[in-house]
Structure formats: C-alpha cells, structure tokens
file structure07.csv (CSV, C-alpha atoms and all ligand atoms)
chain,number,residue,atom,x,y,z
A,1,MET,CA,0.0,0.0,0.0
A,2,LYS,CA,1.1,3.6,-0.6
A,3,CYS,CA,0.3,6.2,2.0
A,4,LYS,CA,-2.0,8.8,0.4
A,5,GLN,CA,-0.4,11.6,2.5
A,6,CYS,CA,3.4,10.9,2.5
A,7,THR,CA,3.5,8.3,-0.3
A,8,THR,CA,5.6,5.9,1.9
A,9,GLU,CA,5.0,2.2,1.1
A,10,PHE,CA,3.4,0.3,4.0
A,11,ILE,CA,2.1,-3.2,4.6
A,12,VAL,CA,-1.3,-4.4,5.6
A,13,THR,CA,-0.9,-8.0,6.7
A,14,ALA,CA,-3.6,-10.7,6.1
A,15,ASN,CA,-4.3,-10.7,9.9
A,16,GLN,CA,-4.8,-6.9,9.9
A,17,GLN,CA,-7.2,-7.2,6.9
A,18,LYS,CA,-9.2,-9.9,8.7
A,19,PHE,CA,-9.5,-7.6,11.7
A,20,TYR,CA,-10.8,-4.7,9.5
A,21,ASP,CA,-13.2,-7.0,7.7
A,22,ARG,CA,-14.5,-8.3,11.0
A,23,PHE,CA,-15.5,-4.8,12.2
A,24,ASP,CA,-16.5,-3.7,8.6
A,25,VAL,CA,-14.1,-0.8,8.5
A,26,PRO,CA,-12.2,0.3,5.4
A,27,THR,CA,-8.6,-0.7,4.8
A,28,PRO,CA,-6.3,2.2,5.9
A,29,THR,CA,-5.1,4.6,3.3
A,30,LEU,CA,-2.5,6.3,5.6
A,31,CYS,CA,0.8,4.7,6.8
A,32,PRO,CA,1.0,4.0,10.6
A,33,TYR,CA,3.0,7.2,11.2
A,34,CYS,CA,0.5,9.5,9.4
A,35,SER,CA,-2.4,7.8,11.1
A,36,LYS,CA,-0.8,8.3,14.5
A,37,VAL,CA,-0.3,12.0,13.7
A,38,ARG,CA,-4.0,12.3,12.8
A,39,GLN,CA,-5.0,10.4,16.0
A,40,LEU,CA,-3.1,12.9,18.1
A,41,ALA,CA,-3.9,16.0,16.1
A,42,TRP,CA,-6.8,17.1,18.3
A,43,ARG,CA,-4.7,17.1,21.5
A,44,ASN,CA,-2.9,20.3,22.6
A,45,GLU,CA,-0.1,20.3,25.1
A,46,ARG,CA,2.1,22.9,23.3
A,47,PHE,CA,0.1,26.1,23.0
A,48,PHE,CA,-1.4,28.2,25.7
A,49,TYR,CA,-4.4,30.6,25.4
A,50,LEU,CA,-5.6,33.4,27.6
A,51,ARG,CA,-9.2,33.0,28.3
A,52,LYS,CA,-11.9,33.2,31.1
A,53,CYS,CA,-13.0,30.4,33.3
A,54,ASP,CA,-16.5,29.3,32.2
A,55,MET,CA,-17.7,29.2,35.9
A,56,CYS,CA,-16.1,32.1,37.8
A,57,GLN,CA,-15.0,34.2,34.8
A,58,VAL,CA,-11.5,34.7,36.2
A,59,ASP,CA,-8.7,35.3,33.6
A,60,MET,CA,-6.6,32.2,33.2
A,61,VAL,CA,-4.1,30.4,31.0
A,62,SER,CA,-5.4,27.3,29.3
A,63,CYS,CA,-4.4,24.8,26.6
A,64,PHE,CA,-8.1,25.1,25.4
A,65,SER,CA,-8.9,28.3,23.4
A,66,ALA,CA,-12.1,30.3,24.0
A,67,GLU,CA,-13.5,28.8,20.7
A,68,VAL,CA,-13.9,25.2,22.1
A,69,THR,CA,-17.5,24.2,22.7
A,70,HIS,CA,-17.1,22.5,26.1
A,71,PRO,CA,-16.8,24.5,29.3
A,72,VAL,CA,-13.2,25.1,30.6
A,73,TYR,CA,-12.8,25.7,34.4
A,74,CYS,CA,-10.0,27.3,36.3
A,75,ASN,CA,-8.0,25.1,38.7
A,76,ASN,CA,-10.1,26.3,41.7
A,77,CYS,CA,-13.5,25.6,40.1
A,78,TRP,CA,-12.2,22.4,38.5
A,79,TRP,CA,-11.3,20.9,41.9
A,80,SER,CA,-14.3,22.4,43.7
A,81,ASP,CA,-17.7,20.7,44.4
A,82,LYS,CA,-19.5,23.4,42.4
A,83,PHE,CA,-20.3,21.0,39.6
A,84,ASP,CA,-21.1,17.3,39.4
A,85,PRO,CA,-19.3,15.5,36.5
A,86,THR,CA,-21.9,12.8,36.4
A,87,ASP,CA,-24.5,15.4,35.2
A,88,TYR,CA,-22.9,15.1,31.8
A,89,GLY,CA,-23.4,11.4,31.3
A,90,LEU,CA,-25.1,10.3,28.1
A,91,GLU,CA,-27.2,7.2,27.4
A,92,TYR,CA,-25.5,5.2,24.7
A,93,ASP,CA,-27.6,4.7,21.6
A,94,PHE,CA,-26.6,1.5,19.7
A,95,SER,CA,-28.4,2.6,16.5
A,96,ARG,CA,-26.1,5.6,16.1
A,97,PRO,CA,-22.3,5.6,15.3
A,98,PHE,CA,-20.0,5.7,18.3
A,99,PHE,CA,-17.9,8.7,17.3
A,100,GLU,CA,-20.9,10.9,16.7
A,101,GLN,CA,-22.1,10.3,20.3
A,102,PHE,CA,-18.5,10.5,21.7
A,103,LYS,CA,-18.2,14.0,20.1
A,104,GLU,CA,-21.6,15.1,21.8
A,105,LEU,CA,-20.1,14.0,25.1
A,106,LEU,CA,-16.8,15.8,24.6
A,107,ASP,CA,-18.6,19.0,23.4
A,108,LYS,CA,-20.5,19.5,26.7
A,109,THR,CA,-18.4,18.0,29.4
A,110,PRO,CA,-16.3,20.5,31.4
A,111,VAL,CA,-12.5,20.2,31.5
A,112,GLY,CA,-9.7,21.7,33.7
A,113,ASN,CA,-7.8,24.6,32.1
A,114,LEU,CA,-4.4,22.7,32.1
A,115,PHE,CA,-3.4,19.1,32.3
A,116,MET,CA,-1.1,20.1,35.1
A,117,ALA,CA,-2.4,21.4,38.4
A,118,THR,CA,-1.0,24.7,39.7
A,119,SER,CA,2.6,24.8,40.4
A,120,GLU,CA,2.7,28.5,41.0
A,121,ASN,CA,4.3,29.9,44.2
A,122,SER,CA,6.5,26.9,44.4
A,123,GLU,CA,10.1,27.4,45.3
A,124,TYR,CA,13.3,25.7,46.2
A,125,LYS,CA,15.9,27.5,48.2
A,126,SER,CA,19.3,26.1,49.1
A,127,LYS,CA,22.5,27.6,50.3
A,128,LEU,CA,26.0,26.3,50.8
A,129,TRP,CA,28.7,28.0,52.8
A,130,LYS,CA,32.2,26.8,52.8
A,131,LEU,CA,35.2,28.2,54.7
A,132,ASP,CA,38.6,26.8,54.1
A,133,TRP,CA,41.9,27.6,55.8
A,134,GLN,CA,45.1,25.9,54.8
A,135,HIS,CA,48.7,26.4,55.9
A,136,ASN,CA,51.8,24.9,54.4
A,137,LEU,CA,54.9,24.4,56.5
A,138,PHE,CA,58.1,23.7,54.5
A,139,LEU,CA,59.9,21.7,57.1
A,140,HIS,CA,62.7,20.6,54.8
A,141,LYS,CA,63.3,20.7,51.1
A,142,THR,CA,62.0,17.1,51.0
A,143,ASN,CA,59.1,17.6,53.4
A,144,THR,CA,56.0,19.7,53.3
A,145,LEU,CA,53.4,19.6,56.1
A,146,THR,CA,49.9,20.9,55.4
A,147,ILE,CA,47.4,21.8,58.1
A,148,GLY,CA,43.9,22.7,57.2
A,149,VAL,CA,40.4,23.4,58.6
A,150,GLU,CA,37.3,23.3,56.5
A,151,TYR,CA,33.8,24.4,57.6
A,152,GLN,CA,30.8,23.7,55.5
A,153,GLN,CA,27.1,24.5,56.1
A,154,GLU,CA,24.3,23.5,53.8
A,155,GLN,CA,20.6,24.3,54.1
A,156,GLY,CA,17.6,23.7,51.9
A,157,GLU,CA,13.8,24.1,51.9
A,158,SER,CA,11.1,23.8,49.3
A,159,VAL,CA,7.4,24.3,48.9
A,160,TYR,CA,5.5,22.8,46.0
A,161,ASN,CA,1.8,23.7,45.7
A,162,GLY,CA,0.2,21.4,43.1
A,163,LEU,CA,-1.4,18.1,42.4
A,164,PHE,CA,1.3,16.3,44.4
A,165,SER,CA,1.9,19.0,47.0
A,166,SER,CA,5.0,18.7,49.1
A,167,ILE,CA,6.6,20.8,51.7
A,168,PHE,CA,10.2,20.3,52.7
A,169,PRO,CA,10.8,22.4,55.8
A,170,LEU,CA,14.1,24.2,56.4
A,171,ARG,CA,16.9,21.7,57.1
A,172,LYS,CA,20.5,22.4,57.9
A,173,ALA,CA,23.6,20.4,58.3
A,174,HIS,CA,27.2,21.4,59.0
A,175,THR,CA,30.5,19.7,58.9
A,176,THR,CA,33.8,20.8,60.4
A,177,GLY,CA,36.9,19.1,59.1
A,178,PHE,CA,40.5,19.1,60.3
A,179,TYR,CA,43.2,17.7,58.1
A,180,LEU,CA,46.9,17.1,58.3
A,181,GLN,CA,49.0,16.0,55.4
A,182,ASP,CA,52.7,15.3,55.1
A,183,GLN,CA,54.3,15.2,51.7
A,184,ILE,CA,57.8,13.7,51.2
A,185,ARG,CA,59.7,14.2,48.0
A,186,VAL,CA,63.2,12.7,47.7
A,187,ALA,CA,64.9,14.2,44.5
A,188,SER,CA,62.5,13.3,41.7
A,189,GLN,CA,62.5,9.7,42.6
A,190,PHE,CA,60.4,9.0,45.6
A,191,PHE,CA,57.1,10.7,46.6
A,192,ALA,CA,54.9,9.9,49.5
A,193,THR,CA,51.9,11.5,51.0
A,194,VAL,CA,50.3,10.6,54.3
A,195,GLY,CA,47.0,12.4,55.3
A,196,VAL,CA,44.6,12.2,58.1
A,197,ARG,CA,41.2,13.9,58.3
A,198,ILE,CA,38.7,14.2,61.1
A,199,ASP,CA,35.2,15.4,60.2
A,200,LYS,CA,32.5,16.3,62.6
A,201,HIS,CA,29.1,16.2,61.1
A,202,SER,CA,26.1,17.8,62.9
A,203,GLN,CA,24.0,14.7,62.5
A,204,PHE,CA,26.5,11.8,62.1
A,205,GLY,CA,29.2,12.7,64.6
A,206,ILE,CA,32.9,12.2,64.1
A,207,ALA,CA,34.5,10.3,61.3
A,208,THR,CA,38.2,9.8,60.8
A,209,THR,CA,39.6,9.0,57.5
A,210,PHE,CA,43.2,8.6,56.1
A,211,ARG,CA,45.1,8.3,52.9
A,212,ILE,CA,48.6,7.0,52.1
A,213,ALA,CA,50.0,7.5,48.6
A,214,GLN,CA,53.4,6.8,47.3
A,215,ALA,CA,55.2,6.8,44.0
A,216,TYR,CA,58.6,5.7,42.9
A,217,PHE,CA,60.1,6.9,39.7
A,218,ILE,CA,63.0,5.2,37.9
A,219,GLU,CA,64.4,8.0,35.7
A,220,HIS,CA,66.6,6.1,33.2
A,221,THR,CA,63.9,3.7,32.3
A,222,GLY,CA,61.0,6.2,32.5
A,223,THR,CA,59.0,3.9,34.8
A,224,LYS,CA,56.8,4.9,37.7
A,225,PHE,CA,55.2,2.7,40.3
A,226,LYS,CA,52.3,4.1,42.3
A,227,ALA,CA,50.2,2.9,45.2
A,228,THR,CA,47.5,4.4,47.3
A,229,TYR,CA,45.5,3.2,50.3
A,230,GLY,CA,42.7,5.1,52.0
A,231,THR,CA,39.4,5.3,53.7
A,232,GLY,CA,36.4,7.5,52.9
A,233,PHE,CA,33.3,8.9,54.6
A,234,LYS,CA,30.3,10.5,52.9
A,235,ALA,CA,27.3,11.8,54.8
A,236,PRO,CA,23.9,11.7,53.0
A,237,SER,CA,22.9,15.0,51.4
A,238,LEU,CA,19.9,17.0,52.7
A,239,PHE,CA,17.9,15.8,49.6
A,240,GLN,CA,18.8,12.2,50.3
A,241,LEU,CA,17.6,12.6,53.9
A,242,TYR,CA,14.6,14.8,53.7
A,243,ASP,CA,13.0,14.9,50.3
A,244,SER,CA,9.4,14.0,50.7
A,245,PHE,CA,9.4,11.6,47.8
A,246,TYR,CA,12.9,10.2,47.5
A,247,GLY,CA,14.4,10.9,50.9
A,248,TYR,CA,14.9,8.6,53.9
A,249,GLU,CA,15.7,10.1,57.3
A,250,ASP,CA,17.4,7.1,58.7
A,251,LEU,CA,20.1,6.8,56.1
A,252,GLU,CA,23.6,6.1,57.4
A,253,PRO,CA,26.7,7.7,56.0
A,254,GLU,CA,28.7,5.8,53.4
A,255,LYS,CA,32.0,4.4,54.4
A,256,SER,CA,34.6,3.0,52.1
A,257,ILE,CA,38.1,1.5,52.1
A,258,GLY,CA,40.1,1.2,49.0
A,259,TRP,CA,43.5,0.8,47.4
A,260,ASP,CA,45.1,0.9,44.0
A,261,LEU,CA,48.3,-0.2,42.4
A,262,GLY,CA,49.6,1.2,39.2
A,263,ILE,CA,52.5,1.4,36.8
A,264,GLU,CA,53.3,4.1,34.3
A,265,GLN,CA,55.8,3.7,31.4
A,266,GLN,CA,57.1,6.5,29.3
A,267,ILE,CA,58.2,5.7,25.8
A,268,ILE,CA,60.2,7.8,23.3
A,269,LYS,CA,61.3,10.5,25.8
A,270,GLY,CA,57.8,10.8,27.4
A,271,LYS,CA,56.0,11.3,24.1
A,272,ILE,CA,54.0,8.2,24.7
A,273,LEU,CA,52.7,7.2,28.1
A,274,ILE,CA,51.2,3.8,28.9
A,275,ALA,CA,49.6,3.4,32.3
A,276,ALA,CA,47.8,0.5,34.0
A,277,THR,CA,46.1,0.8,37.4
A,278,TYR,CA,44.2,-1.9,39.4
A,279,PHE,CA,41.8,-0.6,42.0
A,280,SER,CA,39.6,-2.2,44.6
A,281,ASN,CA,37.0,-0.4,46.8
A,282,GLN,CA,34.9,-1.8,49.5
A,283,TYR,CA,31.8,0.2,50.6
A,284,GLU,CA,29.7,0.0,53.7
A,285,ASN,CA,26.2,1.5,53.7
A,286,LEU,CA,26.4,2.6,50.1
A,287,ILE,CA,23.4,4.8,49.3
A,288,LYS,CA,21.3,3.5,46.4
A,289,TRP,CA,17.8,3.8,44.9
A,290,SER,CA,15.9,0.7,45.9
A,291,GLY,CA,12.7,1.1,43.8
A,292,GLN,CA,10.7,2.6,46.6
A,293,GLY,CA,13.2,5.0,48.0
A,294,LEU,CA,16.8,5.6,48.9
A,295,THR,CA,18.4,3.0,51.2
A,296,ASN,CA,21.8,1.8,52.5
A,297,ILE,CA,23.1,-1.3,50.9
A,298,ASP,CA,25.1,-3.2,53.5
A,299,ASN,CA,28.1,-4.1,51.5
A,300,ALA,CA,29.3,-3.3,48.0
A,301,GLU,CA,32.5,-3.7,46.1
A,302,SER,CA,34.0,-2.3,43.1
A,303,LYS,CA,37.2,-3.4,41.4
A,304,GLY,CA,38.7,-3.1,38.1
A,305,THR,CA,41.7,-2.2,35.9
A,306,GLU,CA,42.2,1.1,34.1
A,307,LEU,CA,44.4,1.3,31.1
A,308,ILE,CA,45.6,4.6,29.6
A,309,ILE,CA,47.6,5.2,26.5
A,310,ARG,CA,48.5,8.8,25.9
A,311,ALA,CA,50.5,10.2,23.0
A,312,GLN,CA,51.7,13.7,22.2
A,313,ILE,CA,51.1,14.4,18.6
A,314,LYS,CA,52.8,17.4,17.0
A,315,PRO,CA,52.4,18.5,13.4
A,316,LEU,CA,55.6,18.0,11.4
B,1,ZN,ZN,2.2,8.5,5.6
B,2,ZN,ZN,-13.2,29.4,37.9
call {"tool": "encode", "arguments": {"input": "structure07.csv", "output": "structure tokens"}}
result
Amino acid sequence: MKCKQCTTEFIVTANQQKFYDRFDVPTPTLCPYCSKVRQLAWRNERFFYLRKCDMCQVDMVSCFSAEVTHPVYCNNCWWSDKFDPTDYGLEYDFSRPFFEQFKELLDKTPVGNLFMATSENSEYKSKLWKLDWQHNLFLHKTNTLTIGVEYQQEQGESVYNGLFSSIFPLRKAHTTGFYLQDQIRVASQFFATVGVRIDKHSQFGIATTFRIAQAYFIEHTGTKFKATYGTGFKAPSLFQLYDSFYGYEDLEPEKSIGWDLGIEQQIIKGKILIAATYFSNQYENLIKWSGQGLTNIDNAESKGTELIIRAQIKPL
C-alpha cells in the first residue's frame, strides 16, 4: 500500500485485513505514522491561550482556546464541588455511530484549564557556605606539612503547591573538618603523602579517614610505580535525607576503604605514556535507589583495571 499523505509504502498484513473485515471498517489509506499524527492532532499540550473560566469568569491560561464548545474551568473551580461531572453522562444509543455520540459527550463535558495542576508559588531555596583555611609548612626541602580546617554548612527548603503538594521544611547540616597531610619528596625519585582527616558532622558525629599514597620513579627507564590506600566517609545529602518523595531520614553515612596499584611507562622520551592501574574499593552503607526510596546497601564492592595510553602528537 502507498500512504496517500506521505506516499511511503506500508504493509497491511492478512491478519490486519481480517481484523478490518470483522468490524466492517475500510482498509487504511494512511501509513502507521501518518495515522498516529491524525489520531493525536486534536490534543494540545504545546500552546497556551488566555481566556476566562466558564464558571467564575477569572482570567486564566489554558491549553483550550475560547473557541472550544465545552466548558473550561480554572483550577479552583475544577477541583471544587461546584459541579457534578456525572451530570454530563449520556445514554448510549446502539443505533447511532459511536464517534458521533462521543463528540456530543466531549462537546458538553467541562475540563480543567491545564493538564497540570497549579505549580505557582513553588520554590526551592538552598544555600551552601564553605570556609577553608590551609597552611603549608616547608619543614625541609624534602618535606611539606599541610594543616587545614574546613567548615561547610548547607541548608535547603522547598514548597510545592500542586497536584502532588509537598513541603520540605528548612533543614540544615554542617561539617567541620581538620586535616593534616605530610608530603615527602626525595629528589625526583620518591614521593609519599600521608594524610589524616577528622570530620565532625552535625548529625552523624565524628569520622576519621586517612590516605597514604606513594610513587617511585626510575628516571633512566621512565618507569613509575604508584600505590594508594585510604578510607572514605560521605554523609547523605539533605535531599537524600529529607526529600518527601525520595528521601529517607534514617540513612547512614557511606564508608569506604580502597586501594590501588599502578605502573606508568614513558616511551620515546615521554611522548607516549602507557599506564595501568588496578583498583579495589569496599563500601559499607552505600546509598542507592531501591525502587521505593533511597536506602543503604550493607556491603558493596567495586574493582577493576584502568588502562591509559596517551600520545603527544605534533604537526611536522
Ligand atoms: Zn504517511
Ligand atoms: Zn473558575
């Protein structure tokens, strides 16, 4: 078959033809795409019109123009008890075509002005303050000690007035962190970093984490060996804790412990770099979506190998 609108070839299978014959309807003359366009043409979710509510006469925005025959009500009237939708019911007449009667029903039944309920006067406010102080002490040409304090406060609130109203009252959380890090560098051969961090979270208390990293570089072969080992702590965000739909107030912070081992090889005076790293991380209380809400997964693990090949390309 050839679509009479877009002239695309389309197939009507024997089974489809049997179906049309059974209901005594003509074989389609439009391809499936064009017939879908026609099926949906009477819907409007893209254009807005300024018009009056047919009940209280207030000015409103609607996806139904003033020309439609059926009444259109503002959000307040639509959700009120000022009309009874069952008043518009019609007795079905089997001697008349269905669509004729369906049109009569649509032409007199009131509808709401928009498919969405009001979302006006809804707002989400959030603030994040961060204060960071860091001091470097150059103890020796091979040794740098870093001391730092970090303070962070976040707050959030939201109000949504609509079909699925939700109110998220003002919530705050603050974290104070102290960190100490020592960097050792012997010539350009050996590098080591040891760091300790203590965080005090307003809700989750004190967490201590650390990180050890070292690298050894063999200059004449261009080879570098690297290794890190460390622990992590991540408190749930305000959204994860308090959002009325997704949040869960009893979430625990995520804790992790992980290490990696890597080797880097420079080729042709560093123009090409090949690197391979193996990593392994173990998580406790990892925060994940469970289908109904956010939850802590008792234990999780991630491990893998990362391969990098990097080349410097210069035009001749
Ligand atoms: Zn077509
Ligand atoms: Zn109204």
call {"tool": "atom_distance", "arguments": {"input": "structure07.csv", "atom1": "CA of Ile274 in chain A", "atom2": "CA of Arg310 in chain A"}}
result
6.4 Å
call {"tool": "residues_near_ligand", "arguments": {"input": "structure07.csv", "ligand": "ligand ZN 2 (chain B)", "cutoff": "10 Å", "atoms": "only C-alpha atoms and all ligand atoms", "output": "number ranges by chain"}}
result
A: 52-60, 72-80, 82, 112-113
call {"tool": "closest_atom_pairs", "arguments": {"input": "structure07.csv", "of": "range 93-189 of chain A", "to": "range 231-240 of chain A", "cutoff": "8 Å", "atoms": "only C-alpha atoms", "output": "JSON lines"}}
result
{"residue": "A:Glu154", "atom": "CA", "partner": "A:Leu238", "partner_atom": "CA", "distance": 7.9}
{"residue": "A:Gln155", "atom": "CA", "partner": "A:Leu238", "partner_atom": "CA", "distance": 7.5}
{"residue": "A:Gly156", "atom": "CA", "partner": "A:Leu238", "partner_atom": "CA", "distance": 7.1}
{"residue": "A:Arg171", "atom": "CA", "partner": "A:Leu238", "partner_atom": "CA", "distance": 7.1}
{"residue": "A:Lys172", "atom": "CA", "partner": "A:Leu238", "partner_atom": "CA", "distance": 7.5}
{"residue": "A:Ala173", "atom": "CA", "partner": "A:Leu238", "partner_atom": "CA", "distance": 7.5}
call {"tool": "closest_atom_pairs", "arguments": {"input": "structure07.csv", "of": "chain A", "to": "ligand ZN 1 (chain B)", "cutoff": "8 Å", "atoms": "all atoms listed in the file", "output": "Markdown table"}}
result
| residue | atom | partner | partner_atom | distance |
| --- | --- | --- | --- | --- |
| A:Lys2 | CA | B:ZN1 | ZN | 8.0 |
| A:Cys3 | CA | B:ZN1 | ZN | 4.7 |
| A:Lys4 | CA | B:ZN1 | ZN | 6.7 |
| A:Gln5 | CA | B:ZN1 | ZN | 5.1 |
| A:Cys6 | CA | B:ZN1 | ZN | 4.1 |
| A:Thr7 | CA | B:ZN1 | ZN | 6.0 |
| A:Thr8 | CA | B:ZN1 | ZN | 5.7 |
| A:Leu30 | CA | B:ZN1 | ZN | 5.2 |
| A:Cys31 | CA | B:ZN1 | ZN | 4.2 |
| A:Pro32 | CA | B:ZN1 | ZN | 6.8 |
| A:Tyr33 | CA | B:ZN1 | ZN | 5.8 |
| A:Cys34 | CA | B:ZN1 | ZN | 4.3 |
| A:Ser35 | CA | B:ZN1 | ZN | 7.2 |
call {"tool": "residues_near_point", "arguments": {"input": "structure07.csv", "point": "(37.5, 1.5, 50.5)", "cutoff": "9 Å", "atoms": "all atoms listed in the file", "output": "PyMOL selection string"}}
result
chain A and resi 229-232+255-259+280-284+301
call {"tool": "closest_residue", "arguments": {"input": "structure07.csv", "among": "A:Asn143, A:Ser126, A:Gln265, A:Gln39", "to": "Gln183 in chain A", "atoms": "only C-alpha atoms"}}
result
A:Asn143
call {"tool": "residues_around", "arguments": {"input": "structure07.csv", "residues": "range 216-219 of chain A", "least_positions_apart": "4", "cutoff": "7 Å", "atoms": "all atoms listed in the file", "output": "list in words"}}
result
Gln189, Phe190, Phe191, Thr223, Lys224, Phe225 and Lys226 of chain A
call {"tool": "residues_around", "arguments": {"input": "structure07.csv", "residues": "Lys130 in chain A", "least_positions_apart": "2", "cutoff": "10 Å", "atoms": "only C-alpha atoms", "output": "PDB file with C-alpha atoms, in the frame of the given file"}}
result
ATOM      1  CA  LEU A 128      26.000  26.300  50.800  1.00  0.00           C
ATOM      2  CA  ASP A 132      38.600  26.800  54.100  1.00  0.00           C
ATOM      3  CA  GLU A 150      37.300  23.300  56.500  1.00  0.00           C
ATOM      4  CA  TYR A 151      33.800  24.400  57.600  1.00  0.00           C
ATOM      5  CA  GLN A 152      30.800  23.700  55.500  1.00  0.00           C
ATOM      6  CA  GLN A 153      27.100  24.500  56.100  1.00  0.00           C
ATOM      7  CA  GLU A 154      24.300  23.500  53.800  1.00  0.00           C
ATOM      8  CA  HIS A 174      27.200  21.400  59.000  1.00  0.00           C
ATOM      9  CA  THR A 175      30.500  19.700  58.900  1.00  0.00           C
ATOM     10  CA  THR A 176      33.800  20.800  60.400  1.00  0.00           C
TER      11      THR A 176
END
call {"tool": "atom_distance", "arguments": {"input": "structure07.csv", "atom1": "CA of Thr142 in chain A", "atom2": "CA of Ala187 in chain A"}}
result
7.7 Å
call {"tool": "residues_around", "arguments": {"input": "structure07.csv", "residues": "Pro85 in chain A", "least_positions_apart": "3", "cutoff": "10 Å", "atoms": "only C-alpha atoms", "output": "list in words"}}
result
Asp81, Lys82, Tyr88, Gly89, Thr109, Pro110 and Val111 of chain A
